[in-house]
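Chemist: Just so it is clear, I am handing over upload.cif, which has mmCIF, C-alpha atoms.
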data_upload
#
loop_
_atom_site.label_atom_id
_atom_site.label_comp_id
_atom_site.auth_asym_id
_atom_site.auth_seq_id
_atom_site.Cartn_x
_atom_site.Cartn_y
_atom_site.Cartn_z
CA MET A 64 -103.83 58.37 129.94
CA LEU A 65 -100.11 58.10 130.57
CA ASP A 66 -98.81 60.81 132.88
CA LEU A 67 -96.04 62.53 130.96
CA SER A 68 -94.59 63.80 134.21
CA SER A 69 -93.86 60.23 135.37
CA SER A 70 -92.33 58.75 132.24
CA LYS A 71 -90.66 59.82 129.00
CA SER A 72 -90.03 58.14 125.70
CA ASP A 73 -87.31 58.96 123.17
CA GLY A 74 -88.99 57.03 120.36
CA SER A 75 -86.60 54.04 120.57
CA GLY A 76 -88.86 51.78 122.62
CA TRP A 77 -87.14 52.48 125.98
CA CYS A 78 -89.11 53.82 128.96
CA PHE A 79 -87.33 55.93 131.53
CA PRO A 80 -88.60 56.91 134.97
CA ASN A 81 -88.36 60.50 136.11
CA ILE A 82 -84.72 60.74 137.21
CA ASP A 83 -83.42 63.56 139.30
CA ASP A 84 -79.87 64.72 138.83
CA SER A 85 -79.11 63.83 142.44
CA SER A 86 -80.11 60.15 142.02
CA GLU A 87 -78.51 59.53 138.64
CA ASN A 88 -76.05 56.94 139.92
CA ASP A 89 -78.75 54.97 141.72
CA TYR A 90 -80.66 54.29 138.47
CA TYR A 91 -77.65 53.75 136.23
CA PRO A 92 -77.42 49.92 136.61
CA LEU A 93 -81.15 49.59 135.96
CA VAL A 94 -81.02 51.59 132.77
CA MET A 95 -78.00 49.66 131.51
CA ALA A 96 -79.72 46.35 132.20
CA ALA A 97 -82.76 47.46 130.23
CA GLY A 98 -80.59 48.49 127.34
CA LYS A 99 -78.86 45.13 127.18
CA SER A 100 -82.06 43.10 127.29
CA GLY A 101 -83.69 45.18 124.60
CA SER A 102 -86.87 45.63 126.62
CA CYS A 103 -88.12 47.64 129.50
CA LYS A 104 -91.32 45.89 130.48
CA MET A 105 -90.82 46.36 134.20
CA LEU A 106 -90.70 50.13 133.73
CA GLU A 107 -93.56 50.50 131.22
CA THR A 108 -96.85 51.89 132.35
CA PHE A 109 -99.96 50.14 130.99
CA LYS A 110 -101.60 52.24 128.30
CA PRO A 111 -105.15 51.17 127.40
CA PRO A 112 -106.17 51.36 123.73
CA PRO A 113 -107.85 54.65 122.77
CA THR A 114 -111.61 54.52 122.74
CA LYS A 115 -113.92 56.65 120.64
CA LYS A 116 -116.07 58.90 122.75
CA SER A 117 -119.67 59.50 121.94
CA ARG A 118 -120.84 62.92 120.82
CA LYS A 119 -122.63 63.31 124.17
CA GLU A 120 -119.39 62.72 126.08
CA ARG A 121 -117.47 65.08 123.81
CA ASN A 122 -120.05 67.81 124.36
CA ARG A 123 -120.26 67.24 128.16
CA GLY A 124 -119.33 70.38 130.05
CA LYS A 125 -120.07 72.68 127.12
CA LEU A 126 -122.65 75.36 127.55
CA PRO A 127 -125.64 75.23 125.21
CA GLY A 128 -125.12 77.33 122.09
CA THR A 129 -121.36 77.50 122.47
CA THR A 130 -118.82 76.15 119.97
CA ASP A 131 -115.09 75.66 119.99
CA ALA A 132 -112.88 78.36 118.52
CA SER A 133 -111.75 75.87 115.85
CA GLU A 134 -115.37 75.30 114.76
CA VAL A 135 -115.97 79.02 114.48
CA MET A 136 -112.80 79.38 112.46
CA GLU A 137 -113.83 76.58 110.09
CA GLN A 138 -117.21 78.20 109.52
CA GLU A 139 -115.51 81.48 108.71
CA ILE A 140 -113.11 79.76 106.31
CA TRP A 141 -115.88 77.96 104.40
CA LYS A 142 -118.00 81.08 104.38
CA GLU A 143 -115.29 82.92 102.45
CA PHE A 144 -114.39 79.97 100.22
CA PRO A 145 -114.50 81.08 96.54
CA GLU A 146 -117.64 79.87 94.78
CA ASP A 147 -115.82 78.97 91.57
CA LEU A 148 -113.56 76.60 93.50
CA PHE A 149 -116.63 74.88 94.88
CA GLU A 150 -117.88 74.35 91.34
CA ALA A 151 -114.45 73.25 90.10
CA VAL A 152 -114.26 70.57 92.78
CA ILE A 153 -117.85 69.37 92.32
CA ALA A 154 -117.37 69.15 88.54
CA ARG A 155 -114.62 66.59 89.14
CA LEU A 156 -116.67 64.34 91.39
CA PRO A 157 -117.91 60.99 90.09
CA ILE A 158 -121.31 61.32 88.43
CA ASP A 159 -122.97 59.11 91.03
CA THR A 160 -121.53 61.22 93.87
CA PHE A 161 -122.62 64.47 92.24
CA PHE A 162 -126.29 63.51 92.21
CA ARG A 163 -126.10 62.69 95.92
CA PHE A 164 -124.47 66.05 96.62
CA ARG A 165 -127.25 67.91 94.81
CA SER A 166 -129.54 67.27 97.77
CA VAL A 167 -127.33 69.33 100.11
CA CYS A 168 -128.89 72.69 99.25
CA LYS A 169 -130.90 74.49 96.58
CA LYS A 170 -127.79 76.21 95.26
CA TRP A 171 -126.01 72.95 94.51
CA TYR A 172 -129.21 71.48 93.11
CA SER A 173 -129.32 74.27 90.52
CA LEU A 174 -125.72 73.72 89.37
CA LEU A 175 -126.86 71.95 86.21
CA ASN A 176 -128.27 75.25 84.96
CA SER A 177 -125.16 77.27 85.82
CA GLN A 178 -123.07 78.55 82.92
CA SER A 179 -119.91 78.71 85.04
CA PHE A 180 -120.43 75.11 86.19
CA SER A 181 -120.80 74.06 82.55
CA GLN A 182 -117.43 75.64 81.80
CA HIS A 183 -115.82 73.75 84.69
CA CYS A 184 -117.33 70.50 83.42
CA ALA A 185 -115.94 71.21 79.94
CA GLU A 186 -112.43 71.53 81.42
CA VAL A 187 -112.55 68.07 82.99
CA PRO A 188 -110.85 65.47 80.76
CA PRO A 189 -113.37 62.92 79.50
CA ALA A 190 -113.34 59.68 81.46
CA HIS A 191 -114.33 56.24 80.25
CA PRO A 192 -117.58 56.26 78.28
CA TRP A 193 -120.77 54.94 79.82
CA PHE A 194 -123.10 52.56 78.00
CA TYR A 195 -126.80 53.12 77.43
CA THR A 196 -128.49 49.80 76.70
CA ILE A 197 -131.93 48.32 76.08
CA THR A 198 -132.85 44.91 77.47
CA HIS A 199 -135.05 42.23 75.88
CA GLU A 200 -137.24 42.07 78.97
CA ASN A 201 -137.95 45.80 79.23
CA VAL A 202 -137.58 47.57 75.89
CA ASN A 203 -139.30 50.74 77.11
CA SER A 204 -136.65 51.64 79.68
CA GLY A 205 -132.89 51.76 79.52
CA ALA A 206 -130.03 50.56 81.68
CA MET A 207 -126.79 52.53 81.96
CA TYR A 208 -123.47 50.97 82.91
CA ASP A 209 -120.70 52.94 84.66
CA PRO A 210 -117.42 51.04 84.02
CA SER A 211 -115.42 53.03 86.59
CA LEU A 212 -117.67 51.85 89.43
CA LYS A 213 -118.80 48.65 87.67
CA LYS A 214 -122.35 49.64 88.48
CA TRP A 215 -125.65 49.57 86.60
CA HIS A 216 -128.11 52.47 86.75
CA HIS A 217 -131.74 52.38 85.69
CA PRO A 218 -132.83 55.87 84.59
CA THR A 219 -136.36 56.80 83.66
CA ILE A 220 -136.58 59.14 80.68
CA SER A 221 -140.16 60.28 81.07
CA SER A 222 -140.22 62.22 77.79
CA LEU A 223 -139.61 59.20 75.56
CA PRO A 224 -142.78 57.68 74.06
CA LYS A 225 -144.04 54.69 76.02
CA LYS A 226 -146.17 53.00 73.35
CA MET A 227 -143.36 52.27 70.89
CA ILE A 228 -139.91 50.74 71.03
CA ILE A 229 -137.17 53.40 71.02
CA LEU A 230 -133.58 52.28 70.33
CA PRO A 231 -130.30 54.15 70.99
CA VAL A 232 -128.44 54.47 67.68
CA ALA A 233 -125.73 57.14 68.11
CA SER A 234 -124.24 59.62 70.57
CA ALA A 235 -122.06 62.73 70.80
CA GLY A 236 -121.08 65.12 73.58
CA GLY A 237 -123.08 63.39 76.31
CA LEU A 238 -126.25 63.20 74.19
CA VAL A 239 -127.83 59.98 72.96
CA CYS A 240 -129.78 59.82 69.69
CA PHE A 241 -132.81 57.51 69.64
CA LEU A 242 -134.79 56.15 66.70
CA ASP A 243 -138.11 54.37 66.94
CA ILE A 244 -138.27 50.83 65.64
CA GLY A 245 -140.41 51.98 62.68
CA HIS A 246 -137.53 54.27 61.52
CA ARG A 247 -139.80 57.32 61.48
CA ASN A 248 -139.01 59.59 64.43
CA PHE A 249 -135.73 60.74 66.00
CA TYR A 250 -135.21 61.85 69.60
CA VAL A 251 -132.17 63.30 71.38
CA CYS A 252 -131.71 63.11 75.13
CA ASN A 253 -129.14 63.48 77.89
CA PRO A 254 -129.85 60.49 80.15
CA LEU A 255 -128.22 62.21 83.13
CA ASN A 256 -130.08 65.54 83.29
CA GLN A 257 -133.17 64.48 81.28
CA SER A 258 -132.72 67.21 78.65
CA PHE A 259 -134.90 66.02 75.77
CA LYS A 260 -135.86 66.99 72.22
CA GLU A 261 -138.06 65.37 69.59
CA LEU A 262 -136.61 66.18 66.20
CA PRO A 263 -138.86 67.55 63.45
CA SER A 264 -140.22 65.18 60.82
CA ARG A 265 -137.92 64.24 57.97
CA SER A 266 -138.65 65.45 54.47
CA VAL A 267 -137.97 61.97 53.07
CA LYS A 268 -140.25 59.14 54.18
CA VAL A 269 -138.05 56.10 54.65
CA TRP A 270 -139.57 52.81 55.75
CA SER A 271 -136.45 50.65 55.46
CA ARG A 272 -133.54 50.45 57.89
CA VAL A 273 -131.09 53.34 58.04
CA ALA A 274 -127.61 53.85 59.48
CA VAL A 275 -127.17 56.83 61.81
CA GLY A 276 -124.16 58.92 62.86
CA MET A 277 -123.79 61.96 65.10
CA THR A 278 -121.10 64.64 65.46
CA LEU A 279 -120.56 67.91 67.35
CA ASN A 280 -120.06 71.26 65.64
CA GLY A 281 -117.43 72.19 68.23
CA ASN A 282 -116.09 70.89 71.52
CA SER A 283 -119.47 70.81 73.28
CA THR A 284 -123.18 70.71 72.57
CA SER A 285 -123.39 74.48 73.11
CA CYS A 286 -122.00 74.83 69.57
CA GLY A 287 -124.67 72.50 68.21
CA TYR A 288 -124.61 69.01 66.75
CA LYS A 289 -125.51 67.22 63.53
CA ILE A 290 -127.14 63.87 62.83
CA LEU A 291 -126.85 61.96 59.54
CA TRP A 292 -129.04 59.09 58.42
CA VAL A 293 -128.35 57.12 55.25
CA GLY A 294 -130.19 54.25 53.57
CA CYS A 295 -128.93 51.48 51.33
CA ASP A 296 -130.50 53.13 48.29
CA GLY A 297 -128.31 56.21 48.75
CA GLU A 298 -130.96 58.50 50.27
CA TYR A 299 -129.61 60.58 53.16
CA GLU A 300 -130.41 63.66 55.22
CA ILE A 301 -128.64 65.79 57.84
CA TYR A 302 -130.18 67.38 60.90
CA ASP A 303 -128.60 70.60 62.24
CA SER A 304 -129.53 71.43 65.85
CA ILE A 305 -128.74 75.13 65.33
CA LYS A 306 -131.30 75.39 62.51
CA ASN A 307 -133.53 72.68 64.03
CA SER A 308 -134.27 71.26 60.60
CA TRP A 309 -133.38 68.46 58.20
CA THR A 310 -131.66 69.23 54.90
CA ARG A 311 -130.84 67.19 51.79
CA PRO A 312 -127.34 68.29 50.68
CA GLY A 313 -127.73 66.44 47.38
CA SER A 314 -127.82 63.00 45.85
CA MET A 315 -125.21 60.31 46.30
CA PRO A 316 -122.31 60.92 43.84
CA SER A 317 -122.09 58.65 40.81
CA TYR A 318 -118.78 57.08 41.86
CA MET A 319 -120.48 55.56 44.92
CA ARG A 320 -121.56 51.99 44.24
CA LEU A 321 -125.26 51.44 44.96
CA PRO A 322 -126.89 49.85 46.77
CA LEU A 323 -124.62 50.58 49.72
CA SER A 324 -125.39 47.22 51.40
CA LEU A 325 -124.77 48.76 54.81
CA ASN A 326 -123.91 46.48 57.71
CA PHE A 327 -126.57 47.52 60.23
CA ARG A 328 -125.04 45.41 62.99
CA SER A 329 -122.16 47.88 63.01
CA GLN A 330 -122.64 51.34 64.47
CA ALA A 331 -121.00 54.32 62.81
CA VAL A 332 -117.78 55.71 64.24
CA SER A 333 -116.77 59.37 64.12
CA LEU A 334 -113.26 60.77 63.81
CA ASP A 335 -113.27 64.56 64.03
CA ASP A 336 -115.97 65.61 61.53
CA THR A 337 -116.04 62.40 59.49
CA LEU A 338 -118.45 59.51 59.95
CA TYR A 339 -117.53 55.95 58.92
CA PHE A 340 -120.05 53.21 58.08
CA MET A 341 -119.40 49.56 57.33
CA ARG A 342 -120.69 47.98 54.13
CA SER A 343 -120.87 44.29 53.24
CA ASP A 344 -121.04 44.15 49.44
CA PRO A 345 -118.37 44.87 48.50
CA GLU A 346 -116.69 44.62 51.91
CA GLY A 347 -115.32 47.92 53.05
CA ILE A 348 -116.09 51.31 54.57
CA VAL A 349 -118.14 54.31 53.45
CA SER A 350 -117.30 57.73 54.91
CA TYR A 351 -118.94 61.14 54.90
CA ASP A 352 -117.33 64.46 55.91
CA MET A 353 -119.92 66.54 57.76
CA VAL A 354 -118.08 69.78 56.97
CA THR A 355 -117.18 69.38 53.28
CA GLY A 356 -120.09 67.09 52.37
CA VAL A 357 -117.80 64.64 50.53
CA TRP A 358 -118.59 60.92 50.31
CA LYS A 359 -115.81 58.31 49.98
CA GLN A 360 -115.72 54.54 49.73
CA PHE A 361 -112.91 52.11 50.56
CA ILE A 362 -112.84 48.49 49.46
CA ILE A 363 -111.31 46.57 52.39
CA PRO A 364 -111.60 42.78 52.46
CA ALA A 365 -112.64 41.35 55.81
CA PRO A 366 -110.60 38.66 57.60
CA LEU A 367 -111.57 35.06 56.85
CA HIS A 368 -114.03 33.16 59.05
CA LEU A 369 -115.35 36.46 60.48
CA SER A 370 -118.87 37.09 61.75
CA ASP A 371 -120.80 39.64 63.82
CA HIS A 372 -118.13 42.24 63.12
CA THR A 373 -118.44 45.95 63.81
CA LEU A 374 -116.36 49.11 63.54
CA ALA A 375 -114.73 50.78 66.54
CA GLU A 376 -112.35 53.67 67.11
CA CYS A 377 -109.74 54.80 69.61
CA GLY A 378 -107.38 57.78 69.45
CA GLY A 379 -107.88 58.37 65.74
CA ARG A 380 -107.50 54.69 64.83
CA ILE A 381 -110.23 52.67 63.11
CA LEU A 382 -110.67 49.20 64.56
CA LEU A 383 -112.64 46.10 63.73
CA VAL A 384 -113.99 43.71 66.36
CA GLY A 385 -115.67 40.43 65.55
CA LEU A 386 -116.02 36.70 66.13
CA LEU A 387 -113.42 34.48 64.47
CA THR A 388 -114.76 30.93 64.12
CA LYS A 389 -112.84 27.95 62.76
CA ASN A 390 -114.07 24.41 63.16
CA ALA A 391 -115.66 24.38 66.64
CA ALA A 392 -113.43 27.08 68.16
CA THR A 393 -114.63 30.68 68.47
CA CYS A 394 -112.68 33.72 69.66
CA VAL A 395 -113.21 37.50 69.83
CA CYS A 396 -110.50 39.31 67.87
CA ILE A 397 -109.48 42.96 67.41
CA TRP A 398 -108.02 44.32 64.15
CA GLU A 399 -106.64 47.75 63.28
CA LEU A 400 -106.94 49.34 59.84
CA GLN A 401 -103.56 50.01 58.26
CA LYS A 402 -103.85 53.36 56.50
CA MET A 403 -101.12 52.68 53.93
CA THR A 404 -102.28 49.27 52.74
CA LEU A 405 -106.00 49.52 53.67
CA LEU A 406 -105.82 46.06 55.22
CA TRP A 407 -106.90 44.78 58.63
CA LYS A 408 -104.08 43.74 60.99
CA GLU A 409 -104.89 41.68 64.09
CA VAL A 410 -103.70 43.46 67.25
CA ASP A 411 -105.32 41.50 70.07
CA ARG A 412 -107.74 38.72 70.94
CA MET A 413 -109.68 37.54 73.96
CA PRO A 414 -107.73 35.33 76.43
CA ASN A 415 -107.84 31.66 75.47
CA ILE A 416 -109.17 30.62 78.87
CA TRP A 417 -112.28 32.73 78.22
CA CYS A 418 -112.68 31.43 74.67
CA LEU A 419 -112.85 27.85 75.92
CA ASP A 420 -116.38 28.63 77.15
CA PHE A 421 -117.41 29.19 73.51
CA TYR A 422 -116.13 25.87 72.20
CA GLY A 423 -118.78 23.97 70.31
CA LYS A 424 -121.44 26.64 70.93
CA HIS A 425 -123.25 28.81 68.43
CA VAL A 426 -122.20 32.20 69.84
CA ARG A 427 -123.57 35.56 68.66
CA MET A 428 -121.96 38.89 69.49
CA THR A 429 -123.32 42.43 69.68
CA CYS A 430 -121.07 45.46 70.18
CA LEU A 431 -122.79 47.88 72.57
CA GLY A 432 -120.10 50.56 72.58
CA ASN A 433 -117.23 51.24 70.19
CA ARG A 434 -115.34 54.26 71.58
CA GLY A 435 -112.04 53.40 73.21
CA LEU A 436 -113.76 51.15 75.70
CA LEU A 437 -115.76 48.43 73.95
CA MET A 438 -118.68 46.55 75.49
CA LEU A 439 -119.52 43.20 73.94
CA SER A 440 -122.59 41.04 74.52
CA LEU A 441 -121.82 37.34 73.93
CA ARG A 442 -124.72 34.94 74.07
CA SER A 443 -125.83 31.45 73.15
CA ARG A 444 -128.54 29.13 74.42
CA GLN A 445 -126.37 28.24 77.40
CA MET A 446 -124.57 31.53 77.95
CA ASN A 447 -125.20 35.26 78.45
CA ARG A 448 -122.02 37.22 79.04
CA LEU A 449 -121.01 40.88 78.97
CA VAL A 450 -117.35 41.93 78.71
CA THR A 451 -115.47 45.18 78.17
CA TYR A 452 -112.22 45.69 76.31
CA ASN A 453 -109.98 48.71 76.90
CA VAL A 454 -108.20 49.42 73.62
CA MET A 455 -105.41 51.48 75.21
CA SER A 456 -104.53 49.12 78.06
CA ARG A 457 -105.58 45.97 76.14
CA GLU A 458 -107.46 44.79 79.21
CA TRP A 459 -110.46 42.48 79.17
CA GLN A 460 -112.97 42.58 82.03
CA LYS A 461 -116.20 40.81 82.81
CA VAL A 462 -119.25 43.00 83.42
CA PRO A 463 -121.62 42.20 86.29
CA GLY A 464 -125.07 41.08 85.24
CA CYS A 465 -127.74 43.71 84.68
CA VAL A 466 -130.49 43.23 87.27
CA VAL A 467 -133.42 45.61 87.62
CA PRO A 468 -133.97 47.19 91.07
CA ARG A 469 -135.64 44.77 93.49
CA GLY A 470 -135.20 42.03 90.92
CA ARG A 471 -133.11 38.88 90.77
CA LYS A 472 -133.19 37.79 87.14
CA ARG A 473 -130.34 38.93 84.89
CA GLN A 474 -131.47 40.96 81.90
CA TRP A 475 -130.53 40.12 78.32
CA ILE A 476 -129.02 43.15 76.61
CA ALA A 477 -130.56 43.75 73.18
CA CYS A 478 -128.68 46.79 71.91
CA GLY A 479 -126.89 49.89 73.13
CA THR A 480 -124.44 52.67 72.45
CA ALA A 481 -121.52 54.28 74.25
CA PHE A 482 -121.69 57.92 75.36
CA HIS A 483 -119.41 60.18 77.34
CA PRO A 484 -121.38 61.27 80.44
CA CYS A 485 -121.78 65.03 80.65
CA LEU A 486 -123.87 66.70 83.35
CA THR A 487 -124.54 69.90 81.45
CA SER A 488 -125.11 68.85 77.83
CA THR A 489 -128.50 69.95 76.50
CA ALA A 490 -130.47 68.61 73.61
#
Now that the file is in, can you turn its structure into C-alpha cells?
Modeler:
Amino acid sequence: MLDLSSSKSDGSGWCFPNIDDSSENDYYPLVMAAGKSGSCKMLETFKPPPTKKSRKERNRGKLPGTTDASEVMEQEIWKEFPEDLFEAVIARLPIDTFFRFRSVCKKWYSLLNSQSFSQHCAEVPPAHPWFYTITHENVNSGAMYDPSLKKWHHPTISSLPKKMIILPVASAGGLVCFLDIGHRNFYVCNPLNQSFKELPSRSVKVWSRVAVGMTLNGNSTSCGYKILWVGCDGEYEIYDSIKNSWTRPGSMPSYMRLPLSLNFRSQAVSLDDTLYFMRSDPEGIVSYDMVTGVWKQFIIPAPLHLSDHTLAECGGRILLVGLLTKNAATCVCIWELQKMTLLWKEVDRMPNIWCLDFYGKHVRMTCLGNRGLLMLSLRSRQMNRLVTYNVMSREWQKVPGCVVPRGRKRQWIACGTAFHPCLTSTA
C-alpha cells in the first residue's frame, strides 16, 4: 500500500513528496520541472494492483464467533425490515428468479399462498406475455417461452391426462384453458404454480370442432372467469367459474348467418368483455359480449392472396396477421381493422431480407400467440422458424429453437397460446 505520509495527490496526476516549510525553496525547481513535462514518474511510488483476498485471509486474526460491528448492524437492519416490502420486491422479480428464491426458506416458499403477496403481484404492470406451446414430438408435455429472457422452459403439469392429447386453446389472467383433441373435456391450469381444475361435463355433446374464448369477470382470477365455446352450427355454452357449471344462454339469434364457418386456425381475441372470432364464409368477424349476451357479425373482406391468417389484438385494436403470397414471393403482413370503414389496412410487414428465405417455398404459418406480442411458426420442408413481432415497437425477432432438456434436436411447434404469467392465479 502507498504510505500516505510519504506522498500526496491532488487528483491532477502530480505526485508531491512530503515537503517541510523549511525546505520549500530546495524542492521548487523540481516541482516546476515536473509541471512543465506533464509527468512525475521519478517521484511516483509503485502501486501494485489490488488483489482480492480470500475469506480465510479476511477472517485471519478474528476470534471465533465474533463479527464486525457492520455485520451486526446489517443483521439488525434486515431483522426489522418490513415484511410487506419484502413481498413487494419479490413480486417484481423475474419469474425465473422468483422460483430460485423460493428455496431460501419456508416462508418464501409459501408466498404463493399468501393473500398479501397476491395483492402485490396484482399491482405489478403486466409484462410481455409468455407462450405455452405443444410440440409434434411430445404432445403430452408443453414448452413455455419467456420472451424477456429468450428462454424455453419445460414444465410438467402432472394433473393433465397422459393418455390423450390435450391442446391449449385460450387463456386469461395467467390461466390456460385446455381442450382434449376429441373436443369433450375442458381443463384450466396455471402452468407456473400448477393450480389445476377439470371442468364439469358439458350439457351439449359436441363431436365437431369448436372455437373457444376466455375472459375474466374482473381484474384477476379471484373474481372468477368465463369460458365460451361455439360450434359452426350455432350451438354454444358458457362456463362460469363462480358457479362451476355450464349454461346455455339461448339459441343463436336469427340475424346470425348459419353455419358460422368459423376459421379454426384463428384463435379468439378478447377486448374487455367481448370475444371476437374469425369466420370464412362470408369473410368477417363474429363477436359475443360476455356481459350482455349479444351476438354480432361483421362482413369484412380479407386482403387478396391471403392465407393462414388469424386475428390478433393490441391496446384495443383488432389486427390481422397472415401470409401474403403472389407468384413465388411470400411475406408475413400485419393489418389493422379500421373501425369506421370496417376494412383491413396494412400497417407493417416482415423485413424483405427475411422474406427472401421463403421465395419459391410452400410456407405454412401458425400463430401461437396473438396478444400484443405475436409468435409465429413458419415452416416448410426445408425450414422451421419461430419469430416474434412486437405490435407496439414494430420489432421482429427470431426465437431460439425449442430443445428439450438433455436433447439436441429442435422441436417442431404444433400449436400454442399466449398467456400473461401470474404467480398467484388459481383455477
Chemist: Extract, using all atoms listed in the file, all DNA, RNA and protein residues at most 10 Å from stretch 337-348 of chain A, discarding same-chain residues fewer than 6 positions from it, and format them as a VMD selection string.
Modeler: chain A and resid 274 to 278 291 293 295 320 to 331 354 to 365 372 to 376 381 383 405 to 406
Chemist: Evaluating the PyMOL selection byres ((chain A and resi 240-246) around 10) on the displayed file yields which residues, as a ChimeraX atom specification?
Modeler: /A:223-224,227-235,238-239,247-253,260-262,268-273,275-277,290,480,490
Chemist: Using all atoms listed in the file, which residues sit within 12 Å of A:His191 once same-chain residues fewer than 2 positions away are excluded, as a ChimeraX atom specification?
Modeler: /A:157-158,188-189,193-194,208-213,237,377,432-438,451-455,481-485
Chemist: Would you output that residue set with C-alpha atoms, as a PDB file, in the frame of the given file?
Modeler:
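In the end it all went to selection.pdb:
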ATOM      1  CA  PRO A 157    -117.910  60.990  90.090  1.00  0.00           C
ATOM      2  CA  ILE A 158    -121.310  61.320  88.430  1.00  0.00           C
ATOM      3  CA  PRO A 188    -110.850  65.470  80.760  1.00  0.00           C
ATOM      4  CA  PRO A 189    -113.370  62.920  79.500  1.00  0.00           C
ATOM      5  CA  TRP A 193    -120.770  54.940  79.820  1.00  0.00           C
ATOM      6  CA  PHE A 194    -123.100  52.560  78.000  1.00  0.00           C
ATOM      7  CA  TYR A 208    -123.470  50.970  82.910  1.00  0.00           C
ATOM      8  CA  ASP A 209    -120.700  52.940  84.660  1.00  0.00           C
ATOM      9  CA  PRO A 210    -117.420  51.040  84.020  1.00  0.00           C
ATOM     10  CA  SER A 211    -115.420  53.030  86.590  1.00  0.00           C
ATOM     11  CA  LEU A 212    -117.670  51.850  89.430  1.00  0.00           C
ATOM     12  CA  LYS A 213    -118.800  48.650  87.670  1.00  0.00           C
ATOM     13  CA  GLY A 237    -123.080  63.390  76.310  1.00  0.00           C
ATOM     14  CA  CYS A 377    -109.740  54.800  69.610  1.00  0.00           C
ATOM     15  CA  GLY A 432    -120.100  50.560  72.580  1.00  0.00           C
ATOM     16  CA  ASN A 433    -117.230  51.240  70.190  1.00  0.00           C
ATOM     17  CA  ARG A 434    -115.340  54.260  71.580  1.00  0.00           C
ATOM     18  CA  GLY A 435    -112.040  53.400  73.210  1.00  0.00           C
ATOM     19  CA  LEU A 436    -113.760  51.150  75.700  1.00  0.00           C
ATOM     20  CA  LEU A 437    -115.760  48.430  73.950  1.00  0.00           C
ATOM     21  CA  MET A 438    -118.680  46.550  75.490  1.00  0.00           C
ATOM     22  CA  THR A 451    -115.470  45.180  78.170  1.00  0.00           C
ATOM     23  CA  TYR A 452    -112.220  45.690  76.310  1.00  0.00           C
ATOM     24  CA  ASN A 453    -109.980  48.710  76.900  1.00  0.00           C
ATOM     25  CA  VAL A 454    -108.200  49.420  73.620  1.00  0.00           C
ATOM     26  CA  MET A 455    -105.410  51.480  75.210  1.00  0.00           C
ATOM     27  CA  ALA A 481    -121.520  54.280  74.250  1.00  0.00           C
ATOM     28  CA  PHE A 482    -121.690  57.920  75.360  1.00  0.00           C
ATOM     29  CA  HIS A 483    -119.410  60.180  77.340  1.00  0.00           C
ATOM     30  CA  PRO A 484    -121.380  61.270  80.440  1.00  0.00           C
ATOM     31  CA  CYS A 485    -121.780  65.030  80.650  1.00  0.00           C
TER      32      CYS A 485
END
Chemist: Translate the PyMOL selection byres ((chain A and resi 409-415) around 12), as applied to the file shown, into an explicit residue set as a PyMOL selection string.
Modeler: chain A and resi 365-367+382-387+392-401+406-408+416-422+439+450-461
Chemist: Just to be explicit: take each residue in the selection above, keep C-alpha atoms, and write the result as a compact mmCIF listing (two decimals), keeping the file's coordinate frame.
Modeler:
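Output saved as result_9.txt:
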# COMPACT_ATOMS: atom_id res chain seq x y z
CA ALA A 365 -112.64 41.35 55.81
CA PRO A 366 -110.60 38.66 57.60
CA LEU A 367 -111.57 35.06 56.85
CA LEU A 382 -110.67 49.20 64.56
CA LEU A 383 -112.64 46.10 63.73
CA VAL A 384 -113.99 43.71 66.36
CA GLY A 385 -115.67 40.43 65.55
CA LEU A 386 -116.02 36.70 66.13
CA LEU A 387 -113.42 34.48 64.47
CA ALA A 392 -113.43 27.08 68.16
CA THR A 393 -114.63 30.68 68.47
CA CYS A 394 -112.68 33.72 69.66
CA VAL A 395 -113.21 37.50 69.83
CA CYS A 396 -110.50 39.31 67.87
CA ILE A 397 -109.48 42.96 67.41
CA TRP A 398 -108.02 44.32 64.15
CA GLU A 399 -106.64 47.75 63.28
CA LEU A 400 -106.94 49.34 59.84
CA GLN A 401 -103.56 50.01 58.26
CA LEU A 406 -105.82 46.06 55.22
CA TRP A 407 -106.90 44.78 58.63
CA LYS A 408 -104.08 43.74 60.99
CA ILE A 416 -109.17 30.62 78.87
CA TRP A 417 -112.28 32.73 78.22
CA CYS A 418 -112.68 31.43 74.67
CA LEU A 419 -112.85 27.85 75.92
CA ASP A 420 -116.38 28.63 77.15
CA PHE A 421 -117.41 29.19 73.51
CA TYR A 422 -116.13 25.87 72.20
CA LEU A 439 -119.52 43.20 73.94
CA VAL A 450 -117.35 41.93 78.71
CA THR A 451 -115.47 45.18 78.17
CA TYR A 452 -112.22 45.69 76.31
CA ASN A 453 -109.98 48.71 76.90
CA VAL A 454 -108.20 49.42 73.62
CA MET A 455 -105.41 51.48 75.21
CA SER A 456 -104.53 49.12 78.06
CA ARG A 457 -105.58 45.97 76.14
CA GLU A 458 -107.46 44.79 79.21
CA TRP A 459 -110.46 42.48 79.17
CA GLN A 460 -112.97 42.58 82.03
CA LYS A 461 -116.20 40.81 82.81
Chemist: Work out how far apart atom CA of A:His425 and atom CA of A:Ser443 are and give it in Å to one decimal.
Modeler: 6.0 Å
Chemist: Hey, which of A:Tyr351, A:Arg163, A:Val332, A:Gly287 ends up closest to A:Glu300? Count all atoms listed in the file.
Modeler: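 Using all atoms listed in the file, A:Glu300 sits closest to A:Tyr351.
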Chemist: Which residues would end up in the selection if the PyMOL selection byres ((chain A and resi 218) around 7) were applied here, given that I need the answer as an MDAnalysis selection string?
Modeler: chainID A and resid 205:206 216:217 219:220
Chemist: I'd like the interatomic distance between atom CA of A:Arg448 and atom CA of A:Ser333, to a tenth of an Å.
Modeler: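 Result for atom CA of A:Arg448 versus atom CA of A:Ser333: 27.2 Å, one decimal.
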Chemist: Between atom CA of A:Glu298 and atom CA of A:Val267, measure the distance and give it in Å to one decimal.
Modeler: 8.3 Å
Chemist: Taking into account all atoms listed in the file, which residue in the set A:Gln257, A:Asn307, A:Ser314, A:Ile197 is nearest to A:Gly294?
Modeler: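 Once distances to A:Gly294 are computed over all atoms listed in the file, the minimum belongs to A:Ser314.
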